[in-house]
>>> print(open('protein12.txt').read())   # compact mmCIF, C-alpha atoms
# COMPACT_ATOMS: atom_id res chain seq x y z
CA MET A 21 5.14 -0.59 -33.16
CA ALA A 22 5.57 -4.10 -31.71
CA SER A 23 8.91 -4.66 -33.42
CA VAL A 24 10.24 -1.32 -32.14
CA LEU A 25 9.12 -2.10 -28.59
CA LEU A 26 10.55 -5.64 -28.67
CA ALA A 27 13.91 -4.31 -29.88
CA TRP A 28 13.90 -1.91 -26.92
CA TYR A 29 12.95 -4.75 -24.57
CA ASP A 30 15.80 -6.91 -25.86
CA ARG A 31 18.20 -4.23 -24.63
CA HIS A 32 16.48 -2.95 -21.52
CA ALA A 33 14.38 -5.77 -20.02
CA ARG A 34 14.37 -5.85 -16.23
CA ASP A 35 16.05 -8.88 -14.67
CA LEU A 36 13.32 -10.42 -12.52
CA PRO A 37 13.36 -13.85 -10.83
CA TRP A 38 10.12 -14.96 -12.48
CA ARG A 39 11.25 -14.12 -16.04
CA THR A 40 13.19 -15.73 -18.82
CA PRO A 41 15.59 -13.52 -20.84
CA PRO A 42 14.04 -11.77 -23.87
CA GLY A 43 13.64 -14.03 -26.87
CA HIS A 44 13.98 -17.26 -24.86
CA SER A 45 11.24 -19.84 -24.62
CA PRO A 46 10.04 -20.57 -21.09
CA PRO A 47 11.94 -23.54 -19.63
CA ASP A 48 9.99 -26.65 -18.69
CA PRO A 49 6.68 -25.13 -19.82
CA ASP A 50 4.54 -27.98 -18.49
CA ARG A 51 5.77 -27.89 -14.89
CA ALA A 52 7.68 -25.31 -12.86
CA TRP A 53 7.60 -22.21 -15.04
CA PRO A 54 3.82 -21.66 -15.18
CA TYR A 55 3.86 -21.94 -11.38
CA ARG A 56 6.45 -19.18 -11.08
CA VAL A 57 4.60 -16.94 -13.55
CA TRP A 58 1.25 -17.51 -11.82
CA LEU A 59 2.68 -16.91 -8.34
CA SER A 60 4.44 -13.71 -9.37
CA GLU A 61 1.37 -12.34 -11.16
CA VAL A 62 -0.87 -12.95 -8.15
CA MET A 63 1.67 -11.34 -5.81
CA LEU A 64 2.14 -8.33 -8.09
CA GLN A 65 -1.55 -7.39 -8.12
CA GLN A 66 -1.72 -3.92 -6.50
CA THR A 67 1.82 -4.40 -5.12
CA THR A 68 5.23 -3.19 -6.30
CA VAL A 69 8.01 -5.34 -7.75
CA ALA A 70 10.34 -4.30 -4.94
CA ALA A 71 7.85 -5.46 -2.30
CA VAL A 72 7.17 -8.77 -4.08
CA LYS A 73 10.75 -9.94 -4.67
CA PRO A 74 11.51 -11.17 -1.12
CA TYR A 75 8.09 -12.82 -0.79
CA PHE A 76 8.49 -14.58 -4.12
CA ALA A 77 11.96 -15.81 -3.18
CA ASN A 78 10.68 -17.13 0.16
CA PHE A 79 7.74 -18.95 -1.44
CA ILE A 80 9.91 -20.56 -4.12
CA ARG A 81 12.47 -21.63 -1.51
CA ARG A 82 9.84 -23.16 0.78
CA TRP A 83 7.48 -24.49 -1.91
CA PRO A 84 9.42 -24.90 -5.19
CA THR A 85 6.49 -26.49 -7.05
CA VAL A 86 2.75 -25.99 -7.13
CA GLU A 87 2.38 -29.50 -5.69
CA ALA A 88 4.51 -28.53 -2.69
CA LEU A 89 2.43 -25.39 -2.16
CA ALA A 90 -0.80 -27.35 -2.47
CA ALA A 91 0.34 -29.77 0.23
CA ALA A 92 1.31 -27.02 2.71
CA PRO A 93 -1.02 -26.14 5.61
CA GLU A 94 -3.09 -23.07 4.82
CA GLU A 95 -2.00 -21.30 8.01
CA GLU A 96 1.67 -21.57 6.97
CA ILE A 97 0.93 -20.02 3.58
CA LEU A 98 -1.11 -17.21 5.13
CA ALA A 99 1.70 -16.53 7.61
CA ALA A 100 4.27 -16.39 4.79
CA TRP A 101 1.99 -13.95 2.93
CA ALA A 102 1.65 -11.61 5.95
CA GLY A 103 2.65 -8.04 5.11
CA LEU A 104 1.99 -8.39 1.38
CA GLY A 105 -1.61 -7.23 1.80
CA TYR A 106 -4.88 -8.09 0.03
CA TYR A 107 -5.21 -11.34 1.95
CA SER A 108 -8.05 -12.68 -0.18
CA ARG A 109 -5.32 -13.30 -2.76
CA ALA A 110 -3.49 -15.56 -0.30
CA ARG A 111 -6.61 -17.64 0.29
CA ASN A 112 -7.10 -17.92 -3.48
CA VAL A 113 -3.45 -18.98 -3.84
CA VAL A 114 -4.20 -21.95 -1.59
CA LYS A 115 -7.38 -22.87 -3.49
CA CYS A 116 -5.74 -22.47 -6.89
CA ALA A 117 -2.62 -24.47 -5.98
CA ARG A 118 -4.76 -27.35 -4.81
CA ALA A 119 -6.92 -27.22 -7.93
CA VAL A 120 -3.84 -27.22 -10.20
CA ALA A 121 -2.17 -30.05 -8.29
CA GLY A 122 -5.40 -32.04 -8.47
CA ARG A 123 -5.56 -31.77 -12.26
CA GLY A 124 -1.84 -32.48 -12.76
CA GLY A 125 -0.65 -29.04 -13.86
CA PHE A 126 -1.71 -25.65 -15.17
CA PRO A 127 -4.04 -25.54 -18.18
CA ASP A 128 -2.36 -23.92 -21.19
CA THR A 129 -5.33 -21.95 -22.52
CA GLU A 130 -6.86 -18.69 -21.34
CA ALA A 131 -10.24 -20.36 -20.92
CA GLY A 132 -8.75 -23.16 -18.85
CA LEU A 133 -6.78 -20.73 -16.70
CA ARG A 134 -9.87 -18.55 -16.13
CA ALA A 135 -11.59 -21.58 -14.60
CA LEU A 136 -9.03 -21.75 -11.78
CA PRO A 137 -9.91 -20.20 -8.40
CA GLY A 138 -8.85 -16.56 -8.14
CA VAL A 139 -7.58 -16.30 -11.74
CA GLY A 140 -9.22 -13.41 -13.55
CA GLU A 141 -9.04 -12.10 -17.11
CA TYR A 142 -5.71 -10.32 -16.73
CA THR A 143 -3.91 -13.11 -14.85
CA ALA A 144 -5.13 -15.78 -17.29
CA ALA A 145 -3.90 -13.73 -20.26
CA ALA A 146 -0.53 -13.05 -18.60
CA ILE A 147 0.09 -16.74 -17.81
CA ALA A 148 -1.01 -17.83 -21.29
CA ALA A 149 1.34 -15.34 -22.96
CA ILE A 150 4.35 -15.46 -20.63
CA ALA A 151 4.36 -19.11 -19.54
CA PHE A 152 2.92 -20.77 -22.65
CA GLY A 153 3.88 -18.36 -25.46
CA GLN A 154 0.31 -17.89 -26.64
CA ARG A 155 -0.97 -14.70 -28.15
CA ALA A 156 -3.07 -13.05 -25.46
CA VAL A 157 -4.16 -9.49 -24.77
CA VAL A 158 -2.50 -8.60 -21.46
CA VAL A 159 -3.65 -5.34 -19.84
CA ASP A 160 -2.43 -4.41 -16.38
CA ALA A 161 -2.26 -0.90 -14.91
CA ASN A 162 1.05 -0.16 -16.66
CA VAL A 163 -0.21 -1.36 -20.05
CA GLU A 164 -3.44 0.56 -19.55
CA ARG A 165 -1.49 3.76 -19.02
CA VAL A 166 0.84 3.21 -21.99
CA VAL A 167 -1.98 2.41 -24.41
CA ALA A 168 -4.19 5.27 -23.19
CA ARG A 169 -1.32 7.63 -24.01
CA LEU A 170 -0.32 6.00 -27.29
CA PHE A 171 -3.86 6.47 -28.62
CA ALA A 172 -4.78 9.58 -26.57
CA VAL A 173 -7.93 7.89 -25.29
CA GLU A 174 -10.18 10.77 -24.24
CA GLU A 175 -12.84 8.65 -22.56
CA GLY A 176 -12.44 8.44 -18.79
CA LEU A 177 -11.82 5.32 -16.73
CA PRO A 178 -13.33 2.89 -16.10
CA ALA A 179 -15.46 3.29 -19.25
CA ALA A 180 -12.31 3.64 -21.39
CA ARG A 181 -11.12 0.11 -20.59
CA LYS A 182 -13.02 -1.43 -23.51
CA ALA A 183 -11.31 0.92 -25.98
CA ILE A 184 -7.92 0.43 -24.33
CA ARG A 185 -8.25 -3.34 -24.55
CA ALA A 186 -9.23 -3.13 -28.22
CA ALA A 187 -6.22 -0.91 -28.93
CA THR A 188 -3.92 -3.29 -27.06
CA ASP A 189 -5.31 -6.18 -29.10
CA ALA A 190 -4.57 -4.25 -32.30
CA ILE A 191 -0.86 -3.85 -31.50
CA THR A 192 -0.20 -7.26 -29.86
CA PRO A 193 1.88 -9.41 -32.23
CA GLN A 194 1.36 -13.09 -32.98
CA ALA A 195 4.98 -13.95 -32.16
CA ARG A 196 6.69 -13.17 -28.83
CA ALA A 197 3.39 -12.19 -27.19
CA GLY A 198 4.84 -12.90 -23.75
CA ASP A 199 7.85 -10.68 -24.37
CA PHE A 200 5.57 -8.00 -25.80
CA ALA A 201 3.37 -8.03 -22.68
CA GLN A 202 6.39 -7.77 -20.40
CA ALA A 203 7.90 -5.04 -22.60
CA MET A 204 4.72 -3.00 -22.21
CA MET A 205 4.84 -3.54 -18.45
CA ASP A 206 8.48 -2.46 -18.29
CA LEU A 207 7.82 0.59 -20.45
CA GLY A 208 5.02 1.68 -18.14
CA SER A 209 7.05 0.98 -15.01
CA THR A 210 10.29 2.71 -16.05
CA ILE A 211 9.56 5.19 -18.88
CA CYS A 212 5.84 5.88 -19.30
CA THR A 213 5.35 6.47 -15.60
CA ALA A 214 2.24 7.89 -13.96
CA ARG A 215 3.93 11.22 -13.27
CA GLN A 216 6.55 12.93 -15.42
CA PRO A 217 6.82 10.35 -18.21
CA LYS A 218 10.28 10.23 -19.83
CA CYS A 219 9.10 10.78 -23.40
CA LEU A 220 12.61 11.55 -24.72
CA LEU A 221 13.67 8.01 -23.76
CA CYS A 222 10.56 6.25 -25.03
CA PRO A 223 10.97 4.08 -28.14
CA LEU A 224 7.29 4.64 -29.01
CA SER A 225 7.36 8.41 -28.68
CA PRO A 226 7.19 9.06 -32.47
CA ASP A 227 3.93 7.09 -32.61
CA CYS A 228 2.40 8.48 -29.40
CA ALA A 229 -0.73 10.58 -29.86
CA GLY A 230 -0.65 11.53 -26.18
CA GLN A 231 2.85 12.94 -26.51
CA ARG A 232 1.73 15.03 -29.48
CA THR A 233 -0.96 16.67 -27.33
CA GLY A 234 1.83 18.19 -25.22
CA ASP A 235 0.43 16.71 -22.00
CA PRO A 236 0.74 12.91 -22.08
CA ALA A 237 0.58 12.69 -18.28
CA ARG A 238 -3.13 13.54 -18.31
CA PHE A 239 -3.85 10.11 -19.81
CA PRO A 240 -5.48 7.88 -18.79
CA ILE A 241 -8.27 10.20 -17.71
CA LYS A 242 -9.56 9.17 -14.29
CA ALA A 243 -12.71 9.97 -12.41
CA PRO A 244 -12.19 12.04 -9.25
CA LYS A 245 -11.38 9.90 -6.24
CA LYS A 246 -14.04 9.56 -3.59
CA ALA A 247 -13.01 10.29 -0.02
CA LYS A 248 -12.61 7.09 2.00
CA PRO A 249 -14.78 6.76 5.10
CA LEU A 250 -12.90 6.61 8.41
CA ARG A 251 -13.71 3.74 10.76
CA THR A 252 -12.53 3.36 14.34
CA GLY A 253 -11.87 0.22 16.32
CA THR A 254 -9.90 -1.26 19.19
CA ALA A 255 -7.28 -4.01 19.41
CA TRP A 256 -6.74 -5.68 22.79
CA TRP A 257 -3.23 -6.63 23.98
CA ILE A 258 -3.45 -9.42 26.57
CA ALA A 259 -0.11 -10.73 27.84
CA ARG A 260 1.17 -13.10 30.50
CA GLY A 261 4.60 -14.55 31.22
CA GLY A 262 6.26 -13.45 28.01
CA GLU A 263 3.30 -14.49 25.79
CA VAL A 264 0.47 -12.63 24.09
CA TRP A 265 -3.01 -13.89 23.26
CA LEU A 266 -3.68 -14.21 19.52
CA VAL A 267 -6.85 -15.23 17.76
CA ARG A 268 -7.55 -16.57 14.27
CA ARG A 269 -9.86 -14.33 12.24
CA PRO A 270 -12.82 -15.93 10.42
CA GLY A 271 -11.94 -17.57 7.14
CA THR A 272 -13.99 -15.12 5.10
CA GLY A 273 -14.07 -11.35 5.27
CA MET A 274 -11.45 -8.76 6.16
CA LEU A 275 -8.00 -10.33 6.79
CA GLY A 276 -9.72 -13.72 6.76
CA GLY A 277 -7.89 -16.69 8.24
CA MET A 278 -5.02 -14.59 9.62
CA ARG A 279 -3.69 -14.57 13.17
CA ALA A 280 -4.43 -11.28 14.89
CA LEU A 281 -4.94 -9.52 18.19
CA PRO A 282 -8.48 -9.68 19.51
CA ASP A 283 -10.51 -6.67 18.36
CA ASP A 284 -13.94 -5.16 18.88
CA GLY A 285 -15.60 -6.10 15.60
CA TRP A 286 -14.77 -3.09 13.42
CA SER A 287 -15.46 -3.54 9.72
CA ALA A 288 -15.54 -1.63 6.45
CA ARG A 289 -19.14 -0.70 7.22
CA ALA A 290 -19.10 0.04 10.93
CA ASN A 291 -16.99 1.14 13.89
CA GLY A 292 -16.05 -1.30 16.61
CA ASN A 293 -18.14 -1.62 19.76
CA GLY A 294 -15.31 -0.87 22.20
CA VAL A 295 -16.18 -3.84 24.44
CA PRO A 296 -13.07 -5.62 25.82
CA PRO A 297 -12.93 -9.42 25.69
CA VAL A 298 -12.15 -9.70 29.42
CA ALA A 299 -12.70 -7.49 32.44
CA GLY A 300 -9.66 -5.72 33.86
CA GLN A 301 -7.68 -2.52 34.03
CA TRP A 302 -7.09 -1.38 30.45
CA GLN A 303 -4.57 1.27 29.45
CA MET A 304 -4.22 3.09 26.15
CA ALA A 305 -0.96 2.16 24.40
CA GLY A 306 -1.53 4.32 21.34
CA VAL A 307 -3.35 4.58 18.03
CA VAL A 308 -2.34 3.13 14.66
CA ARG A 309 -3.78 4.13 11.30
CA HIS A 310 -4.12 1.88 8.29
CA GLY A 311 -5.57 2.27 4.82
CA PHE A 312 -7.70 -0.40 3.17
CA THR A 313 -9.03 -0.27 -0.38
CA HIS A 314 -12.40 1.23 0.52
CA PHE A 315 -11.88 2.78 3.95
CA ALA A 316 -9.33 4.02 6.45
CA LEU A 317 -9.08 2.63 9.98
CA GLU A 318 -8.02 4.29 13.20
CA LEU A 319 -7.24 1.45 15.60
CA HIS A 320 -6.87 2.15 19.33
CA VAL A 321 -4.48 -0.26 21.03
CA MET A 322 -5.43 -1.11 24.61
CA LYS A 323 -3.23 -3.09 27.02
CA LEU A 324 -4.41 -5.12 29.97
CA ALA A 325 -2.57 -3.54 32.89
CA ASP A 326 -2.48 -6.70 35.03
CA GLN A 327 -1.29 -9.99 33.56
CA ALA A 328 -4.06 -12.29 32.40
CA SER A 329 -4.54 -15.36 34.58
CA GLN A 330 -7.04 -17.01 32.25
CA PRO A 331 -7.28 -17.00 28.45
CA PRO A 332 -10.11 -14.86 27.06
CA PRO A 333 -13.27 -16.64 25.91
CA GLY A 334 -13.24 -18.13 22.44
CA GLU A 335 -10.54 -19.84 20.41
CA GLY A 336 -6.99 -18.53 20.42
CA GLU A 337 -3.43 -19.29 21.47
CA TRP A 338 -0.68 -17.91 23.66
CA TRP A 339 2.19 -16.86 21.41
CA PRO A 340 5.75 -16.23 22.71
CA LEU A 341 6.69 -12.58 22.42
CA ASP A 342 10.24 -13.41 21.39
CA THR A 343 8.96 -15.17 18.23
CA LEU A 344 6.03 -12.86 17.48
CA GLU A 345 7.45 -12.03 14.04
CA THR A 346 6.83 -15.67 13.01
CA ALA A 347 3.10 -15.48 13.81
CA GLY A 348 2.35 -13.99 10.39
CA LEU A 349 0.37 -11.03 11.69
CA PRO A 350 -1.08 -8.88 8.89
CA THR A 351 0.42 -5.40 8.65
CA LEU A 352 -2.36 -3.73 10.65
CA PHE A 353 -1.89 -6.01 13.66
CA ALA A 354 1.90 -5.97 13.35
CA LYS A 355 1.63 -2.18 13.73
CA ALA A 356 -0.65 -2.64 16.75
CA ALA A 357 1.80 -5.11 18.32
CA ARG A 358 4.70 -2.69 17.90
CA CYS A 359 2.55 0.04 19.46
CA ALA A 360 1.71 -2.17 22.45
CA LEU A 361 5.30 -3.22 22.99
CA ALA A 362 6.50 0.38 22.84
CA GLY A 363 3.66 1.81 24.94
>>> encode(input="protein12.txt", output="structure tokens")
Amino acid sequence: MASVLLAWYDRHARDLPWRTPPGHSPPDPDRAWPYRVWLSEVMLQQTTVAAVKPYFANFIRRWPTVEALAAAPEEEILAAWAGLGYYSRARNVVKCARAVAGRGGFPDTEAGLRALPGVGEYTAAAIAAIAFGQRAVVVDANVERVVARLFAVEEGLPAARKAIRAATDAITPQARAGDFAQAMMDLGSTICTARQPKCLLCPLSPDCAGQRTGDPARFPIKAPKKAKPLRTGTAWWIARGGEVWLVRRPGTGMLGGMRALPDDGWSARANGNGVPPVAGQWQMAGVVRHGFTHFALELHVMKLADQASQPPPGEGEWWPLDTLETAGLPTLFAKAARCALAG
């Protein structure tokens, strides 16, 4: 099965900026390449390849080595990450880069990689296999889907993950483990897709138990999704003389460390209190909606009708409106800013 898949990958591998061509050893394995593999894998968590490409290119241009990234101010890295989502990953990128720079490079074992901040089981295995050529069992969402179908795993997720990992281990070869992992990812992304898998084009179709059931798309079997709770909150747009007041969110918690508009304390567990940061005539500019992993948010955007003469209480900064796109607002507050400017 591995040899068939690798032959397919040699012909059909996607050309991605963080990859070497099939069958080629990673260049400069002790320095730059593990950095590129690590950075891409962190960015790709719960995000599409198309969305990641411009962010990856920007990071590599600005910080071509892990040492350069480690030396950069955290606020610059968070601003460059804005719009990619899951901002805890960005904070872990900073911590991990500094840890790697402090030890003189990336460890080349799964155990060593797991000890780095923000590097979990999957990411450690992917770096070990792709950057260092080690045999490692790499299971992301695409691989999980492919293997669940290959073996027609009837147990539902998440309980099935133990069996899926064992099956992936059974078919992972000793040689070209990095290429094999990326081949599985490509197969899941382009052929063995979540809906309407292209079984006629799949090199593993003759060996696929899921395909023989006549309904491979039902694998992996998932538990019914729970409805997300809806939270409500308010963002406050305070402007004066071509500038808007921005705050820095606390370093931990939702959108931690990011610049944002002042808000009324909404969270995943509770609605906001609706109390404005300053007294004045407030007008509704509109409502924006945003989905987080565990809840949905309906954010009311309120504008101060008269220009602010004093900054609101607490720490913040006046940011020029004509360079607001450089503030690194997370997607939610970028939506709110567009709503305020249009309203």
>>> residues_near_point(input="protein12.txt", point="(4.1, -7.8, 3.6)", cutoff="10 Å", atoms="all atoms listed in the file", output="number ranges by chain")
A: 67, 71-72, 74-75, 99-106, 348-351
>>> residues_around(input="protein12.txt", residues="region 353-360 of chain A", least_positions_apart="6", cutoff="9 Å", atoms="only C-alpha atoms", output="PyMOL selection string")
chain A and resi 103+255+257+279-281+304-310+319-323+344-345
>>> write_last_selection(input="protein12.txt", atoms="C-alpha atoms", output="PDB file, in the frame of the given file")
ATOM      1  CA  GLY A 103       2.650  -8.040   5.110  1.00  0.00           C
ATOM      2  CA  ALA A 255      -7.280  -4.010  19.410  1.00  0.00           C
ATOM      3  CA  TRP A 257      -3.230  -6.630  23.980  1.00  0.00           C
ATOM      4  CA  ARG A 279      -3.690 -14.570  13.170  1.00  0.00           C
ATOM      5  CA  ALA A 280      -4.430 -11.280  14.890  1.00  0.00           C
ATOM      6  CA  LEU A 281      -4.940  -9.520  18.190  1.00  0.00           C
ATOM      7  CA  MET A 304      -4.220   3.090  26.150  1.00  0.00           C
ATOM      8  CA  ALA A 305      -0.960   2.160  24.400  1.00  0.00           C
ATOM      9  CA  GLY A 306      -1.530   4.320  21.340  1.00  0.00           C
ATOM     10  CA  VAL A 307      -3.350   4.580  18.030  1.00  0.00           C
ATOM     11  CA  VAL A 308      -2.340   3.130  14.660  1.00  0.00           C
ATOM     12  CA  ARG A 309      -3.780   4.130  11.300  1.00  0.00           C
ATOM     13  CA  HIS A 310      -4.120   1.880   8.290  1.00  0.00           C
ATOM     14  CA  LEU A 319      -7.240   1.450  15.600  1.00  0.00           C
ATOM     15  CA  HIS A 320      -6.870   2.150  19.330  1.00  0.00           C
ATOM     16  CA  VAL A 321      -4.480  -0.260  21.030  1.00  0.00           C
ATOM     17  CA  MET A 322      -5.430  -1.110  24.610  1.00  0.00           C
ATOM     18  CA  LYS A 323      -3.230  -3.090  27.020  1.00  0.00           C
ATOM     19  CA  LEU A 344       6.030 -12.860  17.480  1.00  0.00           C
ATOM     20  CA  GLU A 345       7.450 -12.030  14.040  1.00  0.00           C
TER      21      GLU A 345
END
>>> atom_distance(input="protein12.txt", atom1="CA of Val167 (chain A)", atom2="CA of Thr129 (chain A)")
24.7 Å
>>> residues_around(input="protein12.txt", residues="region 230-236 of chain A", least_positions_apart="4", cutoff="7 Å", atoms="only C-alpha atoms", output="ChimeraX atom specification")
/A:169-172,225
>>> closest_residue(input="protein12.txt", among="A:Pro54, A:Gly43, A:Gly124, A:Gly285", to="Glu87 (chain A)", atoms="all atoms listed in the file")
A:Gly124
>>> closest_residue(input="protein12.txt", among="A:Gln303, A:Thr343, A:Thr40, A:Asn162", to="Gly198 (chain A)", atoms="all atoms listed in the file")
A:Thr40
>>> closest_residue(input="protein12.txt", among="A:Gln194, A:Gln65, A:Thr85, A:Thr188", to="Thr143 (chain A)", atoms="only C-alpha atoms")
A:Gln65
>>> atom_distance(input="protein12.txt", atom1="CA of Arg31 (chain A)", atom2="CA of Phe239 (chain A)")
26.7 Å
>>> atom_distance(input="protein12.txt", atom1="CA of Val159 (chain A)", atom2="CA of Ser60 (chain A)")
15.7 Å
>>> closest_residue(input="protein12.txt", among="A:Ala316, A:Thr213, A:Val298, A:Ala186", to="Lys248 (chain A)", atoms="only C-alpha atoms")
A:Ala316
>>> closest_residue(input="protein12.txt", among="A:Gly292, A:Gly140, A:Pro84, A:Gly363", to="Asp160 (chain A)", atoms="all atoms listed in the file")
A:Gly140
>>> closest_residue(input="protein12.txt", among="A:Cys219, A:Val173, A:Ala52, A:Met205", to="Ala121 (chain A)", atoms="all atoms listed in the file")
A:Ala52
>>> residues_around(input="protein12.txt", residues="Leu177 (chain A)", least_positions_apart="5", cutoff="8 Å", atoms="only C-alpha atoms", output="PDB file with C-alpha atoms, keeping the file's coordinate frame")
ATOM      1  CA  PRO A 240      -5.480   7.880 -18.790  1.00  0.00           C
ATOM      2  CA  ILE A 241      -8.270  10.200 -17.710  1.00  0.00           C
ATOM      3  CA  LYS A 242      -9.560   9.170 -14.290  1.00  0.00           C
ATOM      4  CA  ALA A 243     -12.710   9.970 -12.410  1.00  0.00           C
TER       5      ALA A 243
END
>>> residues_around(input="protein12.txt", residues="Asp326 (chain A)", least_positions_apart="2", cutoff="9 Å", atoms="only C-alpha atoms", output="ChimeraX atom specification")
/A:258-260,300-302,323-324,328-329
>>> residues_around(input="protein12.txt", residues="Pro333 (chain A)", least_positions_apart="4", cutoff="12 Å", atoms="all atoms listed in the file", output="MDAnalysis selection string")
chainID A and resid 265:267 282 296:299 337
>>> axis_aligned_box(input="protein12.txt", around="region 300-303 of chain A", padding_each_side="4 Å", output="JSON")
{"center_x": -7.1, "center_y": -2.2, "center_z": 31.7, "size_x": 13.1, "size_y": 15.0, "size_z": 12.6}
